[in-house]
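Reviewing the structure listed below.
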Amino acid sequence: MKVGLLRAVGVATAVYGVAVTAMPDLLARPSGLVDGKGRSARATRTSLRPLAWRDAASGLVLALAPEGPALRTAAYVRIAADFGDAVLLSATLPGRDRRLKAAVSVGWGALSVVGLLAGE
């Protein structure tokens, strides 16, 4: 297990989650969930914040979990969240180009898989 890689993924995810919780348009804009002026609806911002908070919390746990079973479990949770995001967003975001952008989630999940499977 590459502990440093898992911790880096955790920190990056936590920081991004906090940022999107505070400013949901960071996720709404690239996802195409904005109007013609680039603004998201209040309901969109409200619905994105729990998703972002999930990322903040799971990223923090991945960054801080003790090495061993706890870290492994935190990585599995992150992998499930990232791959789940990729599947759901690629199926539901407006516009083919935005659905393809959901592949970013696959990349983050893959980093955690590599962190779990790689030797020290």
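All residue names refer to the structure tokens as shown: chains lettered A, B, ... in order, residues numbered from 1 in each chain, ligands numbered from 1 in order.
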Can you pull out every residue from range 6-120 of chain A that DSSP, working from the backbone, puts in helix (DSSP H, G or I), and format the result as a JSON list (two decimals) with C-alpha atoms, in the first residue's frame?
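After the write, states.json holds the following:
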```json
[["chain", "number", "residue", "atom", "x", "y", "z"],
["A", 6, "LEU", "CA", -3.56, 7.64, -0.40],
["A", 7, "ARG", "CA", -2.97, 10.51, 2.00],
["A", 8, "ALA", "CA", -2.35, 12.92, -0.91],
["A", 9, "VAL", "CA", -5.61, 11.82, -2.58],
["A", 10, "GLY", "CA", -7.35, 12.32, 0.76],
["A", 11, "VAL", "CA", -6.00, 15.83, 1.27],
["A", 12, "ALA", "CA", -6.82, 16.89, -2.30],
["A", 13, "THR", "CA", -10.32, 15.46, -2.02],
["A", 14, "ALA", "CA", -10.93, 17.11, 1.33],
["A", 15, "VAL", "CA", -9.73, 20.51, 0.10],
["A", 16, "TYR", "CA", -11.87, 20.26, -3.04],
["A", 17, "GLY", "CA", -14.87, 19.16, -0.98],
["A", 18, "VAL", "CA", -14.56, 22.11, 1.38],
["A", 19, "ALA", "CA", -14.12, 24.51, -1.56],
["A", 20, "VAL", "CA", -17.22, 23.20, -3.36],
["A", 21, "THR", "CA", -19.21, 23.23, -0.12],
["A", 22, "ALA", "CA", -18.41, 26.92, 0.18],
["A", 25, "ASP", "CA", -20.41, 26.75, -8.67],
["A", 26, "LEU", "CA", -16.89, 25.26, -8.76],
["A", 27, "LEU", "CA", -18.68, 21.99, -9.56],
["A", 28, "ALA", "CA", -21.85, 23.38, -11.15],
["A", 29, "ARG", "CA", -20.08, 25.25, -13.97],
["A", 30, "PRO", "CA", -18.01, 22.40, -15.43],
["A", 31, "SER", "CA", -21.00, 20.09, -14.97],
["A", 42, "ARG", "CA", -30.25, 28.03, -5.55],
["A", 43, "ALA", "CA", -31.67, 24.49, -5.61],
["A", 44, "THR", "CA", -28.61, 23.29, -7.55],
["A", 45, "ARG", "CA", -26.23, 24.84, -5.04],
["A", 46, "THR", "CA", -28.22, 23.32, -2.19],
["A", 47, "SER", "CA", -28.09, 19.86, -3.74],
["A", 48, "LEU", "CA", -24.36, 20.00, -4.53],
["A", 49, "ARG", "CA", -23.26, 20.94, -1.01],
["A", 50, "PRO", "CA", -23.95, 17.53, 0.60],
["A", 51, "LEU", "CA", -22.06, 15.81, -2.22],
["A", 52, "ALA", "CA", -19.12, 18.14, -1.63],
["A", 53, "TRP", "CA", -19.31, 17.64, 2.13],
["A", 54, "ARG", "CA", -19.19, 13.85, 1.58],
["A", 55, "ASP", "CA", -15.97, 14.38, -0.36],
["A", 56, "ALA", "CA", -14.55, 16.63, 2.36],
["A", 57, "ALA", "CA", -15.34, 14.11, 5.09],
["A", 58, "SER", "CA", -14.18, 11.01, 3.22],
["A", 59, "GLY", "CA", -11.03, 12.79, 2.05],
["A", 60, "LEU", "CA", -10.21, 13.87, 5.58],
["A", 61, "VAL", "CA", -10.64, 10.31, 6.84],
["A", 62, "LEU", "CA", -8.40, 9.01, 4.04],
["A", 63, "ALA", "CA", -5.78, 11.60, 4.97],
["A", 64, "LEU", "CA", -5.85, 10.85, 8.70],
["A", 69, "PRO", "CA", -7.44, -1.73, 8.06],
["A", 70, "ALA", "CA", -8.78, 1.77, 8.78],
["A", 71, "LEU", "CA", -6.81, 3.33, 5.91],
["A", 72, "ARG", "CA", -7.78, 0.48, 3.61],
["A", 73, "THR", "CA", -11.47, 0.97, 4.45],
["A", 74, "ALA", "CA", -11.20, 4.73, 3.92],
["A", 75, "ALA", "CA", -9.67, 4.06, 0.49],
["A", 76, "TYR", "CA", -12.49, 1.66, -0.41],
["A", 77, "VAL", "CA", -15.04, 4.33, 0.51],
["A", 78, "ARG", "CA", -13.24, 6.89, -1.67],
["A", 79, "ILE", "CA", -13.01, 4.44, -4.56],
["A", 80, "ALA", "CA", -16.72, 3.64, -4.31],
["A", 81, "ALA", "CA", -17.60, 7.34, -4.22],
["A", 82, "ASP", "CA", -15.36, 8.22, -7.18],
["A", 83, "PHE", "CA", -16.46, 5.34, -9.39],
["A", 84, "GLY", "CA", -20.08, 5.90, -8.37],
["A", 85, "ASP", "CA", -19.78, 9.57, -9.34],
["A", 86, "ALA", "CA", -18.31, 8.58, -12.70],
["A", 87, "VAL", "CA", -21.13, 6.16, -13.47],
["A", 88, "LEU", "CA", -23.95, 8.42, -12.31],
["A", 89, "LEU", "CA", -22.62, 11.68, -13.73],
["A", 90, "SER", "CA", -21.67, 10.17, -17.07],
["A", 91, "ALA", "CA", -25.23, 8.89, -17.39],
["A", 92, "THR", "CA", -27.04, 12.04, -16.27],
["A", 96, "ARG", "CA", -22.15, 14.52, -24.15],
["A", 97, "ASP", "CA", -19.02, 16.61, -23.54],
["A", 98, "ARG", "CA", -19.93, 17.10, -19.89],
["A", 99, "ARG", "CA", -20.71, 13.43, -19.45],
["A", 100, "LEU", "CA", -17.24, 12.65, -20.79],
["A", 101, "LYS", "CA", -15.74, 15.04, -18.22],
["A", 103, "ALA", "CA", -14.20, 10.50, -16.38],
["A", 104, "VAL", "CA", -12.17, 12.72, -14.04],
["A", 105, "SER", "CA", -13.80, 10.77, -11.23],
["A", 106, "VAL", "CA", -12.40, 7.54, -12.70],
["A", 107, "GLY", "CA", -8.93, 9.07, -12.51],
["A", 108, "TRP", "CA", -9.29, 9.92, -8.83],
["A", 109, "GLY", "CA", -10.66, 6.47, -8.06],
["A", 110, "ALA", "CA", -7.82, 4.89, -10.01],
["A", 111, "LEU", "CA", -5.26, 6.80, -7.93],
["A", 112, "SER", "CA", -6.73, 5.27, -4.80],
["A", 113, "VAL", "CA", -6.71, 1.79, -6.41],
["A", 114, "VAL", "CA", -3.03, 2.25, -7.26],
["A", 115, "GLY", "CA", -2.37, 3.42, -3.71],
["A", 116, "LEU", "CA", -3.98, 0.27, -2.34],
["A", 117, "LEU", "CA", -2.35, -2.21, -4.70]]
```
Minimum-distance residue to Gly4 in chain A, chosen among A:Ala65, A:Ala41, A:Ala102, A:Leu93 (using only C-alpha atoms):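 With only C-alpha atoms as the atom set, the closest residue is A:Ala65.
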Quick one, how far is CA of Pro94 in chain A from CA of Arg39 in chain A?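 Distance between the two atoms: 15.4 Å.
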